[in-house]
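Comments concern the structure below.
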Amino acid sequence: MKAHHLALIPALALAVSACASTSGSGGGGGGGRVNGVFGSVNLQAGFTPDPYRVNVVAGGTYESARELGTQCRGWTTGDGTYVLYYTAGQYPLTISATSDTDTTLIVGLPGGGFLCDDDSGPGLNPQVTINRPGSGGYAIWVATYSSGQMAPATLSISEIGQR
């Protein structure tokens with residue numbers, strides 16, 4: 001399904017702020033931080049290696065649009081796939097996923113709201129670029145188009161764009 005959808009969805013702002021806030025300090029998992037289903041990472045501007053990559057499984061039985069009242073498309077887990085705790089600098093931040101299955105991406109922003117994408121990356125892969133990212137927690141969901149469909153995927157986080 002080839003369609004470009006990049007939309008800010010304010011209706012989900014409270015949910016992401018609650019689950020991906022950066023209250024507290026220290027490493028992932030403690031001090032008020034939450035982990036996604038496949039974990040979390042702390043990255044600071046200028047991080048290496050760039051891109052940072054992690055293997056995840058896209059999909060689930062939670063329909064983001066209907067269950068969350070958003071325009072974000074796809075089926076995922078109710079919890080975030082992965083959480084990024086990011087200390088921003090001067091660089092844009094690109095979050096993308098690659099898979100042999102058509103996937104979508106939902107990114108919860110630290111200040112509230114969501115960015116959604118379907119196919120802005122190569123092929124049928126989603127990609128979101130935030131030109132002036134803020135510091136804080138980014139809840140990330142990698143979704144599929146069918147309920148219960150699960151697919152291996154690679155989540156990439158970069159300041160130099162998808163490679």
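Here, A, B, ... name the chains of the structure tokens in the order displayed, residue numbers run from 1 inside each chain, and ligands are numbered from 1 in the same displayed order.
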Report task. Please provide as a list of chain:residue names all residues within 9 Å of Ile157 of chain A, with the sequence filter that same-chain residues fewer than 4 positions apart are discarded (counting only C-alpha atoms). Result -> A:Asp50, A:Pro51, A:Tyr52, A:Arg53, A:Val54, A:Leu84, A:Leu93, A:Thr94, A:Ile95, A:Ser96, A:Ala97, A:Gly161, A:Gln162
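Ranking A:Val83, A:Leu115, A:Leu109, A:Ile130 by their shortest atom-to-atom distance to Asn35 of chain A, with only C-alpha atoms included, puts A:Val83 first.
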Students should find that atom CA of Asp102 of chain A and atom CA of Tyr145 of chain A are spaced 7.1 Å
task = Pick out the closest residue to Pro92 of chain A from this set: A:Val57, A:Leu43, A:Ile160, A:Val107. Count only C-alpha atoms.
result =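 For Pro92 of chain A, the nearest of the given residues is A:Ile160.
Straight-line separation from atom CA of Gly60 of chain A to atom CA of Ala151 of chain A: 9.4 Å.
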Exercise for review: Could you find all residues in segment 43-99 of chain A that DSSP calls strand (DSSP E) from the backbone, and write them as a list in words?
Suggested key: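 Reading the DSSP output for segment 43-99 of chain A, strand (DSSP E) covers Leu43, Gln44, Tyr52, Arg53, Val54, Asn55, Val56, Val57, Ala58, Gly59, Tyr62, Glu63, Trp75, Thr76, Tyr82, Val83, Leu84, Tyr85, Tyr86, Thr87, Leu93, Thr94, Ile95, Ser96, Ala97 and Thr98 of chain A.
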